[in-house]
There are 2 protein chains.
Amino acid sequence: MSKDERRLTSFDVAARAGVSQSTVSRALSGSPTITEATRTRVIAAARDLGYVVDERAARLRSGKSKTIAVVVIGRAGQGAASVNPFYYSLLGSVCTAAAQQGYQALVSIQSEPEQFFGQFIERGQADAVVVLGTATNRQAWDHFSDYRRVQSNLAFWGAPFDGPGYVRSDNHAGAKLAVERLIAGGYKRIAFVGETDGAQRQFSERYEGYRTTLEAAGLTASEAITAPGETREEQGAGAVAALLESGDGFDAVFSACDAMALGILARLRDAGQSVPEDFGVVGFDGLGVGAHSSPPLTTIEPDFAEAGLNLVEAALGGADDDRDRRVSVHLVERASAR
Amino acid sequence: MSKDERRLTSFDVAARAGVSQSTVSRALSGSPTITEATRTRVIAAARDLGYVVDERAARLRSGKSKTIAVVVIGRAGQGAASVNPFYYSLLGSVCTAAAQQGYQALVSIQSEPEQFFGQFIERGQADAVVVLGTATNRQAWDHFSDYRRVQSNLAFWGAPFDGPGYVRSDNHAGAKLAVERLIAGGYKRIAFVGETDGAQRQFSERYEGYRTTLEAAGLTASEAITAPGETREEQGAGAVAALLESGDGFDAVFSACDAMALGILARLRDAGQSVPEDFGVVGFDGLGVGAHSSPPLTTIEPDFAEAGLNLVEAALGGADDDRDRRVSVHLVERASAR
DNA sequence: CTGAAAGCGCTTACAG
DNA sequence: CTGAAAGCGCTTACAG
């Protein structure tokens with residue numbers, strides 16, 4: 001610790017300010033029942049002494065922790081290196097939103113079943129917990145989904161399921177933005193790439209938005225296209241390859257996520273298709289790496305600050321919070337649609 | 001909380017296991033002075049009851065917090081959105097390393113002077129603090145650098161200064177790897193892009209490594225090249241533009257960081273230079289986005305897991321830790337050098 | 001508006 | 001190896 005031999009306590013501040021310990025506590029915690037004069041004196045004494053309250057004691061007595069635990073789910077067997085930039089940005093937004101609400105953020109990265117842990121509230125370490133990360137770690141989501149039944153101060157982003165506490169993008173609005181952008185670019189035959197079987201719940205909503213927007217414009221929607229692959233990029237590449245081979249004359253793709261769109265772009269280049277001239281692509285997520293692809297990827301981006309705030313509010317609200325939280329999205333114009 | 005009306009305490013577990021409260025504490029905390037039989041009984045009682053220890057109380061009494069505070073510095077005025085992927089990866093590695101050592105991670109993102117805060121130890125919230133982030137926020141680094149004088153359980157990555165507690169890449173080895181790779185690719189006139197005036201301390205070390213490696217190979221090193229710009233990418237683009245205009249016949253660049261290298265690649269493409277055929281580029285940092293640039297960027301990547309571990313150890317070690325901590329690096333072969 | 005006292009739920013000397 | 005007691009440093013009823 002520092003050079004002081006003994007820890008300073010509120011007693012020392014009380015002595016110096018000539019008040020009782022209780023008054024020190026009230027003055028420092030901003031209690032309205034304290035004279036401004038007294039408060040000023042106490043604050044000065046604390047400053048002179050270099051005193052700060054011991055949060056362990058304050059929290060034990062008050063029963064609150066003023067902390068949000070944030071669990072980041074990684075791919076099984078891969079740890080922190082498998083967390084993609086999208087979730088790191090979301091993590092950053094949650095930390096910022098928590099700070100704005102006067103909370104601190106206790107972060108843990110969990111990818112293996114033996115480390116799945118969410119009992120931060122029971123241990124008095126947090127008042128609520130936010131879980132976010134890849135939908136592919138099914139075991140992790142099963143774990144936290146079960147846990148939500150006994151602990152309602154839990155909010156999620158990225159889960160393959162749906163239910164209370166789940167926050168997500170306004171997928172319908174996003175899909176509409178993407179598809180309308182492609183229609184405006186003059187593309188005639190627009191495909192959707194991404195699974196709609198529920199592995200990633202949000203994809204189904206994006207497909208629905210794709211379908212209704214196309215139909216509203218008098219165009220025909222096709223079945224969602226998918227291809228197997230270890231990574232999202234391989235899946236996207238495979239899907240667009242199938243699409244080109246189909247001979248159905250597709251000239252544009254709305255990809256359910258940017259990672260797949262990146263694979264789509266790479267495959268299109270290999271196939272000699274020029275984007276955006278011959279073929280249009282719009283993704284979803286607002287991944288920063290899309291700004292460096294060739295061509296840079298036009299995409300739908302959720303408002304990260306709003307997402308962070310919604311997650312914190314939903315977690316803190318617990319069972320009383322039954323709002324259907326959908327985060328607004330906007331179109332990021334880059335260069336993959338003419 | 002959950003459905004129980006009253007919080008469970010170690011007393012409840014003691015009653016159920018037929019032992020005293022002290023025995024419960026010792027059994028659960030793994031004290032070696034407890035019979036295996038007793039421990040088993042206590043653990044079973046705790047499990048049956050669904051009891052977990054209240055960390056607020058445990059920490060108050062023990063005086064430890066088993067937590068590492070991680071401060072992520074963002075660009076002034078920009079918040080979480082300005083934190084680049086490199087620092088998020090580092091943050092993830094620190095969280096993982098902390099967990100491996102039995103510590104939790106309390107994360108805060110700080111970019112404005114009014115939020116600079118590091119007194120987590122004095123408040124009993126952490127046993128050590130790790131500060132990382134962009135070197136460009138000079139005020140933030142000044143703040144934490146001053147703080148290191150009174151609080152030695154502090155470690156840094158990315159600081160524009162040097163001193164105790166600073167962990168960094170093995171820049172000499174990295175520069176050597178990069179330059180030797182370019183020499184092996186047959187490039188004849190290799191430039192260095194990046195400032196060496198100390199704004200980013202590590203850059204000077206990379207320049208030195210560049211210079212000595214080139215000289216050892218009997219080639220001539222040039223002065224470091226820089227150009228003004230709001231972002232690293234603009235700086236890189238400007239520098240390579242100057243380089244091409246110089247007419248000095250440069251055919252390769254070792255860029256002090258990937259962000260600048262990305263700008264270099266973009267500018268080279270605009271100038272009609274083909275990479276890696278006419279011009280070679282090697283960056284530094286191992287940024288994930290480099291895998292999606294065109295061409296994909298060959299780069300030097302520090303070992304993130306090792307970096308996280310070193311930061312945690314250095315912070316926990318405090319004044320007793322005077323090791324010069326340099327994290328090993330490796331070459332990531334992509335496609336910007338022939 | 002302020003103070004004296006109690007107590008939050010643990011861990012840790014101190015005994016035996 | 002286990003127990004009874006004290007005490008970590010606050011906040012919060014309870015008084016006045």
# chains A, B, ... in the order shown; residues from 1 in each chain; ligands from 1
>>> residues_around(residues="segment 1-9 of chain C", least_positions_apart="5", cutoff="10 Å", atoms="only C-alpha atoms (C1' of nucleotides)", output="ChimeraX atom specification")
/A:19-23,33-35,38,57-63 /B:7-11,53-58,60-61 /D:10-16
>>> write_last_selection(atoms="N, CA and C atoms (P, O5', C5', C4', C3', O3' and C1' of nucleotides)", output="CSV table (one decimal), in the first residue's frame")
chain,number,residue,atom,x,y,z
A,19,VAL,N,-16.2,16.3,14.2
A,19,VAL,CA,-17.6,15.8,14.2
A,19,VAL,C,-17.6,14.3,14.5
A,20,SER,N,-18.8,13.7,14.5
A,20,SER,CA,-18.8,12.2,14.7
A,20,SER,C,-18.6,11.4,13.4
A,21,GLN,N,-18.4,10.1,13.6
A,21,GLN,CA,-18.2,9.2,12.5
A,21,GLN,C,-19.4,9.2,11.6
A,22,SER,N,-20.5,9.3,12.2
A,22,SER,CA,-21.8,9.2,11.4
A,22,SER,C,-21.9,10.4,10.5
A,23,THR,N,-21.5,11.6,11.0
A,23,THR,CA,-21.5,12.8,10.2
A,23,THR,C,-20.6,12.7,9.1
A,33,THR,N,-29.3,15.5,4.6
A,33,THR,CA,-29.5,16.0,6.0
A,33,THR,C,-28.3,16.6,6.7
A,34,ILE,N,-27.4,17.1,5.9
A,34,ILE,CA,-26.2,17.7,6.4
A,34,ILE,C,-26.0,19.1,6.0
A,35,THR,N,-25.7,20.0,6.9
A,35,THR,CA,-25.4,21.4,6.6
A,35,THR,C,-24.3,21.5,5.6
A,38,THR,N,-21.0,22.0,7.4
A,38,THR,CA,-20.4,20.8,8.0
A,38,THR,C,-19.8,19.9,6.8
A,57,ALA,N,-16.2,-2.1,3.4
A,57,ALA,CA,-17.0,-1.9,4.6
A,57,ALA,C,-18.3,-1.2,4.2
A,58,ALA,N,-18.2,-0.2,3.3
A,58,ALA,CA,-19.5,0.5,3.0
A,58,ALA,C,-20.5,-0.4,2.3
A,59,ARG,N,-20.0,-1.3,1.5
A,59,ARG,CA,-20.9,-2.2,0.8
A,59,ARG,C,-21.4,-3.3,1.7
A,60,LEU,N,-20.6,-3.7,2.6
A,60,LEU,CA,-21.1,-4.8,3.5
A,60,LEU,C,-22.3,-4.2,4.3
A,61,ARG,N,-22.1,-3.0,4.8
A,61,ARG,CA,-23.1,-2.4,5.7
A,61,ARG,C,-24.3,-2.0,4.9
A,62,SER,N,-24.1,-1.4,3.7
A,62,SER,CA,-25.3,-1.0,2.9
A,62,SER,C,-26.0,-2.1,2.2
A,63,GLY,N,-25.3,-3.2,2.0
A,63,GLY,CA,-25.9,-4.3,1.2
A,63,GLY,C,-26.0,-4.1,-0.3
B,7,ARG,N,-31.0,-13.6,3.8
B,7,ARG,CA,-29.7,-14.0,3.3
B,7,ARG,C,-29.1,-15.2,4.1
B,8,LEU,N,-28.6,-16.1,3.4
B,8,LEU,CA,-28.0,-17.3,4.1
B,8,LEU,C,-26.6,-16.8,4.6
B,9,THR,N,-26.2,-17.2,5.8
B,9,THR,CA,-24.9,-16.9,6.3
B,9,THR,C,-24.1,-18.1,6.6
B,10,SER,N,-22.9,-17.9,7.0
B,10,SER,CA,-22.1,-19.1,7.3
B,10,SER,C,-22.6,-19.8,8.6
B,11,PHE,N,-23.4,-19.0,9.3
B,11,PHE,CA,-24.1,-19.6,10.5
B,11,PHE,C,-25.0,-20.7,10.1
B,53,VAL,N,-20.2,-17.6,-0.1
B,53,VAL,CA,-19.7,-16.6,0.8
B,53,VAL,C,-19.9,-15.1,0.3
B,54,ASP,N,-20.2,-14.3,1.2
B,54,ASP,CA,-20.4,-12.8,0.9
B,54,ASP,C,-19.0,-12.2,0.8
B,55,GLU,N,-18.6,-11.9,-0.4
B,55,GLU,CA,-17.2,-11.4,-0.6
B,55,GLU,C,-17.0,-10.0,0.1
B,56,ARG,N,-18.1,-9.3,0.2
B,56,ARG,CA,-17.9,-8.0,0.9
B,56,ARG,C,-17.3,-8.2,2.3
B,57,ALA,N,-17.9,-9.1,3.0
B,57,ALA,CA,-17.5,-9.3,4.4
B,57,ALA,C,-16.1,-10.0,4.4
B,58,ALA,N,-16.0,-11.0,3.5
B,58,ALA,CA,-14.7,-11.7,3.5
B,58,ALA,C,-13.6,-10.8,3.3
B,60,LEU,N,-13.5,-7.5,3.7
B,60,LEU,CA,-13.3,-6.5,4.7
B,60,LEU,C,-12.4,-7.1,5.8
B,61,ARG,N,-12.8,-8.2,6.2
B,61,ARG,CA,-12.0,-8.9,7.3
B,61,ARG,C,-10.6,-9.2,6.9
D,10,DC,P,-13.7,3.6,6.7
D,10,DC,O5',-15.0,3.7,5.7
D,10,DC,C5',-16.2,4.1,6.2
D,10,DC,C4',-17.2,3.0,5.9
D,10,DC,C3',-18.6,3.4,6.0
D,10,DC,O3',-19.1,3.7,4.7
D,10,DC,C1',-18.3,1.4,7.4
D,11,DT,P,-20.2,4.8,4.5
D,11,DT,O5',-21.6,4.1,5.1
D,11,DT,C5',-22.0,2.9,4.4
D,11,DT,C4',-23.3,2.4,5.1
D,11,DT,C3',-24.4,3.5,5.1
D,11,DT,O3',-25.6,2.7,5.0
D,11,DT,C1',-23.9,2.9,7.4
D,12,DT,P,-27.0,3.4,4.5
D,12,DT,O5',-27.9,3.0,5.7
D,12,DT,C5',-27.8,1.7,6.3
D,12,DT,C4',-28.4,1.7,7.7
D,12,DT,C3',-29.6,2.6,7.8
D,12,DT,O3',-30.6,2.0,8.6
D,12,DT,C1',-28.1,3.2,9.5
D,13,DA,P,-32.2,2.1,8.1
D,13,DA,O5',-32.8,3.1,9.1
D,13,DA,C5',-33.8,2.8,10.0
D,13,DA,C4',-33.4,2.0,11.2
D,13,DA,C3',-34.2,2.5,12.4
D,13,DA,O3',-34.5,1.4,13.3
D,13,DA,C1',-31.8,2.9,12.6
D,14,DC,P,-35.7,1.6,14.3
D,14,DC,O5',-34.9,2.5,15.4
D,14,DC,C5',-33.9,2.0,16.2
D,14,DC,C4',-33.4,3.0,17.2
D,14,DC,C3',-34.5,3.9,17.7
D,14,DC,O3',-34.3,4.0,19.2
D,14,DC,C1',-32.7,5.3,16.9
D,15,DA,P,-35.6,4.4,20.1
D,15,DA,O5',-35.0,5.6,20.9
D,15,DA,C5',-34.5,6.7,20.2
D,15,DA,C4',-33.4,7.4,20.9
D,15,DA,C3',-33.9,8.6,21.7
D,15,DA,O3',-33.2,8.8,22.9
D,15,DA,C1',-32.5,9.3,19.9
D,16,DG,P,-33.8,9.9,23.9
D,16,DG,O5',-33.3,11.3,23.4
D,16,DG,C5',-31.9,11.6,23.5
D,16,DG,C4',-31.6,12.9,22.8
D,16,DG,C3',-32.6,14.0,23.2
D,16,DG,O3',-31.8,15.2,23.6
D,16,DG,C1',-32.4,13.9,20.9
>>> residues_around(residues="Ala37 of chain B", least_positions_apart="5", cutoff="12 Å", atoms="only C-alpha atoms (C1' of nucleotides)", output="mmCIF file with N, CA, C and O atoms (P, O5', C5', C4', C3', O3' and C1' of nucleotides), in the first residue's frame")
data_model
loop_
_atom_site.group_PDB
_atom_site.id
_atom_site.type_symbol
_atom_site.label_atom_id
_atom_site.label_comp_id
_atom_site.auth_asym_id
_atom_site.auth_seq_id
_atom_site.Cartn_x
_atom_site.Cartn_y
_atom_site.Cartn_z
ATOM 1 N N ALA B 17 -24.147 -28.326 9.188
ATOM 2 C CA ALA B 17 -23.031 -29.275 9.175
ATOM 3 C C ALA B 17 -22.641 -29.694 10.593
ATOM 4 O O ALA B 17 -21.817 -30.597 10.776
ATOM 5 N N VAL B 19 -21.050 -27.808 12.857
ATOM 6 C CA VAL B 19 -19.719 -27.319 13.230
ATOM 7 C C VAL B 19 -19.843 -25.825 13.568
ATOM 8 O O VAL B 19 -20.935 -25.275 13.515
ATOM 9 N N ALA B 27 -13.088 -24.376 6.111
ATOM 10 C CA ALA B 27 -13.362 -25.464 5.165
ATOM 11 C C ALA B 27 -13.567 -24.913 3.755
ATOM 12 O O ALA B 27 -13.019 -25.421 2.777
ATOM 13 N N VAL B 42 -18.996 -29.892 5.318
ATOM 14 C CA VAL B 42 -19.311 -28.466 5.203
ATOM 15 C C VAL B 42 -19.685 -28.106 3.768
ATOM 16 O O VAL B 42 -20.665 -27.404 3.506
ATOM 17 N N ILE B 43 -18.886 -28.613 2.839
ATOM 18 C CA ILE B 43 -19.158 -28.311 1.433
ATOM 19 C C ILE B 43 -20.532 -28.830 1.034
ATOM 20 O O ILE B 43 -21.293 -28.150 0.333
ATOM 21 N N ALA B 44 -20.861 -30.007 1.518
ATOM 22 C CA ALA B 44 -22.173 -30.580 1.200
ATOM 23 C C ALA B 44 -23.287 -29.709 1.776
ATOM 24 O O ALA B 44 -24.281 -29.418 1.104
ATOM 25 P P DC D 1 -4.929 -31.898 11.099
ATOM 26 O "O5'" DC D 1 -6.098 -31.635 12.122
ATOM 27 C "C5'" DC D 1 -7.219 -32.515 12.129
ATOM 28 C "C4'" DC D 1 -8.191 -31.975 13.120
ATOM 29 C "C3'" DC D 1 -9.193 -30.959 12.540
ATOM 30 O "O3'" DC D 1 -10.503 -31.403 12.883
ATOM 31 C "C1'" DC D 1 -8.135 -30.080 14.493
#
>>> interface_residues(of="chain B", to="chain A", cutoff="7 Å", atoms="only C-alpha atoms", output="ChimeraX atom specification")
/B:1-2,52-57,59-60,80,85,88,92-93,95-96,105-109,122-125,150-151,289,292-294
>>> atom_distance(atom1="atom CA of Val167 of chain B", atom2="atom CA of Ala314 of chain B")
7.9 Å
>>> select_by_dssp(residues="segment 26-228 of chain A", states="helix (DSSP H, G or I)", output="VMD selection string")
chain A and resid 26 to 28 36 to 49 55 to 62 79 to 82 85 to 100 113 to 115 138 to 147 171 to 184 201 to 216
>>> write_last_selection(atoms="C-alpha atoms", output="PDB file, in the first residue's frame")
ATOM      1  CA  ARG A  26     -23.310  11.281   5.758  1.00  0.00           C
ATOM      2  CA  ALA A  27     -21.270  14.222   4.537  1.00  0.00           C
ATOM      3  CA  LEU A  28     -19.172  12.119   2.211  1.00  0.00           C
ATOM      4  CA  GLU A  36     -23.369  22.708   3.759  1.00  0.00           C
ATOM      5  CA  ALA A  37     -20.935  24.138   6.291  1.00  0.00           C
ATOM      6  CA  THR A  38     -20.432  20.769   7.961  1.00  0.00           C
ATOM      7  CA  ARG A  39     -20.090  18.992   4.667  1.00  0.00           C
ATOM      8  CA  THR A  40     -17.466  21.430   3.479  1.00  0.00           C
ATOM      9  CA  ARG A  41     -15.494  20.959   6.675  1.00  0.00           C
ATOM     10  CA  VAL A  42     -15.628  17.184   6.447  1.00  0.00           C
ATOM     11  CA  ILE A  43     -14.635  17.136   2.802  1.00  0.00           C
ATOM     12  CA  ALA A  44     -11.696  19.390   3.533  1.00  0.00           C
ATOM     13  CA  ALA A  45     -10.571  17.159   6.381  1.00  0.00           C
ATOM     14  CA  ALA A  46     -10.802  14.089   4.153  1.00  0.00           C
ATOM     15  CA  ARG A  47      -8.850  15.798   1.429  1.00  0.00           C
ATOM     16  CA  ASP A  48      -6.137  16.979   3.812  1.00  0.00           C
ATOM     17  CA  LEU A  49      -5.722  13.504   5.174  1.00  0.00           C
ATOM     18  CA  GLU A  55     -15.793   0.288  -0.201  1.00  0.00           C
ATOM     19  CA  ARG A  56     -15.649  -3.182   1.286  1.00  0.00           C
ATOM     20  CA  ALA A  57     -17.022  -1.902   4.558  1.00  0.00           C
ATOM     21  CA  ALA A  58     -19.451   0.529   2.968  1.00  0.00           C
ATOM     22  CA  ARG A  59     -20.901  -2.190   0.801  1.00  0.00           C
ATOM     23  CA  LEU A  60     -21.091  -4.765   3.535  1.00  0.00           C
ATOM     24  CA  ARG A  61     -23.101  -2.429   5.687  1.00  0.00           C
ATOM     25  CA  SER A  62     -25.296  -0.970   2.944  1.00  0.00           C
ATOM     26  CA  GLY A  79     -10.666 -18.022 -24.703  1.00  0.00           C
ATOM     27  CA  ALA A  80     -10.144 -14.283 -25.038  1.00  0.00           C
ATOM     28  CA  ALA A  81      -8.606 -14.511 -28.497  1.00  0.00           C
ATOM     29  CA  SER A  82     -11.931 -15.746 -29.866  1.00  0.00           C
ATOM     30  CA  PRO A  85     -14.380  -6.901 -32.073  1.00  0.00           C
ATOM     31  CA  PHE A  86     -18.141  -6.493 -32.095  1.00  0.00           C
ATOM     32  CA  TYR A  87     -18.437  -7.890 -28.591  1.00  0.00           C
ATOM     33  CA  TYR A  88     -15.458  -5.950 -27.364  1.00  0.00           C
ATOM     34  CA  SER A  89     -17.133  -2.751 -28.548  1.00  0.00           C
ATOM     35  CA  LEU A  90     -20.305  -3.797 -26.824  1.00  0.00           C
ATOM     36  CA  LEU A  91     -18.323  -4.558 -23.672  1.00  0.00           C
ATOM     37  CA  GLY A  92     -16.832  -1.072 -23.816  1.00  0.00           C
ATOM     38  CA  SER A  93     -20.302   0.439 -24.196  1.00  0.00           C
ATOM     39  CA  VAL A  94     -21.614  -1.511 -21.225  1.00  0.00           C
ATOM     40  CA  CYS A  95     -18.710  -0.323 -19.071  1.00  0.00           C
ATOM     41  CA  THR A  96     -19.374   3.266 -20.108  1.00  0.00           C
ATOM     42  CA  ALA A  97     -23.114   3.014 -19.557  1.00  0.00           C
ATOM     43  CA  ALA A  98     -22.540   1.459 -16.145  1.00  0.00           C
ATOM     44  CA  ALA A  99     -20.203   4.301 -15.181  1.00  0.00           C
ATOM     45  CA  GLN A 100     -22.806   6.833 -16.260  1.00  0.00           C
ATOM     46  CA  PRO A 113     -18.128 -25.007 -18.902  1.00  0.00           C
ATOM     47  CA  GLU A 114     -15.969 -25.324 -15.788  1.00  0.00           C
ATOM     48  CA  GLN A 115     -15.657 -21.570 -15.596  1.00  0.00           C
ATOM     49  CA  ARG A 138     -24.489 -23.156 -26.785  1.00  0.00           C
ATOM     50  CA  GLN A 139     -23.468 -24.602 -23.434  1.00  0.00           C
ATOM     51  CA  ALA A 140     -22.712 -21.173 -22.060  1.00  0.00           C
ATOM     52  CA  TRP A 141     -26.067 -19.812 -23.129  1.00  0.00           C
ATOM     53  CA  ASP A 142     -27.899 -22.818 -21.737  1.00  0.00           C
ATOM     54  CA  HIS A 143     -26.160 -22.213 -18.452  1.00  0.00           C
ATOM     55  CA  PHE A 144     -27.066 -18.546 -18.187  1.00  0.00           C
ATOM     56  CA  SER A 145     -30.511 -19.069 -19.581  1.00  0.00           C
ATOM     57  CA  ASP A 146     -31.236 -21.534 -16.770  1.00  0.00           C
ATOM     58  CA  TYR A 147     -29.739 -19.155 -14.280  1.00  0.00           C
ATOM     59  CA  ASN A 171     -33.572  -6.085 -36.756  1.00  0.00           C
ATOM     60  CA  HIS A 172     -36.652  -5.348 -38.766  1.00  0.00           C
ATOM     61  CA  ALA A 173     -35.713  -1.701 -39.244  1.00  0.00           C
ATOM     62  CA  GLY A 174     -32.132  -2.717 -40.039  1.00  0.00           C
ATOM     63  CA  ALA A 175     -33.150  -5.231 -42.676  1.00  0.00           C
ATOM     64  CA  LYS A 176     -35.490  -2.677 -44.197  1.00  0.00           C
ATOM     65  CA  LEU A 177     -32.689  -0.114 -44.406  1.00  0.00           C
ATOM     66  CA  ALA A 178     -30.354  -2.641 -46.019  1.00  0.00           C
ATOM     67  CA  VAL A 179     -32.806  -3.968 -48.570  1.00  0.00           C
ATOM     68  CA  GLU A 180     -34.109  -0.534 -49.502  1.00  0.00           C
ATOM     69  CA  ARG A 181     -30.543   0.581 -50.026  1.00  0.00           C
ATOM     70  CA  LEU A 182     -29.951  -2.291 -52.442  1.00  0.00           C
ATOM     71  CA  ILE A 183     -33.204  -1.603 -54.271  1.00  0.00           C
ATOM     72  CA  ALA A 184     -32.221   2.056 -54.578  1.00  0.00           C
ATOM     73  CA  ARG A 201     -32.185 -15.623 -33.056  1.00  0.00           C
ATOM     74  CA  GLN A 202     -31.609 -12.210 -34.561  1.00  0.00           C
ATOM     75  CA  PHE A 203     -30.981 -13.641 -38.016  1.00  0.00           C
ATOM     76  CA  SER A 204     -34.564 -14.834 -38.308  1.00  0.00           C
ATOM     77  CA  GLU A 205     -35.783 -11.348 -37.601  1.00  0.00           C
ATOM     78  CA  ARG A 206     -33.457  -9.975 -40.243  1.00  0.00           C
ATOM     79  CA  TYR A 207     -34.755 -12.490 -42.740  1.00  0.00           C
ATOM     80  CA  GLU A 208     -38.328 -11.481 -41.973  1.00  0.00           C
ATOM     81  CA  GLY A 209     -37.418  -7.828 -42.492  1.00  0.00           C
ATOM     82  CA  TYR A 210     -35.760  -8.747 -45.782  1.00  0.00           C
ATOM     83  CA  ARG A 211     -38.799 -10.652 -46.958  1.00  0.00           C
ATOM     84  CA  THR A 212     -41.417  -8.066 -46.087  1.00  0.00           C
ATOM     85  CA  THR A 213     -39.391  -5.164 -47.489  1.00  0.00           C
ATOM     86  CA  LEU A 214     -38.861  -6.940 -50.789  1.00  0.00           C
ATOM     87  CA  GLU A 215     -42.514  -7.893 -51.045  1.00  0.00           C
ATOM     88  CA  ALA A 216     -43.626  -4.373 -50.215  1.00  0.00           C
TER      89      ALA A 216
END
>>> select_by_dssp(residues="segment 159-312 of chain B", states="strand (DSSP E)", output="ChimeraX atom specification")
/B:168-169,190-193,252-255,280-284,298-302
>>> closest_residue(among="A:Gly236, A:Gly74, A:Gly249, A:Gly185", to="Leu265 of chain A", atoms="only C-alpha atoms")
A:Gly236
>>> atom_distance(atom1="atom CA of Gly218 of chain B", atom2="atom CA of Val281 of chain B")
20.3 Å
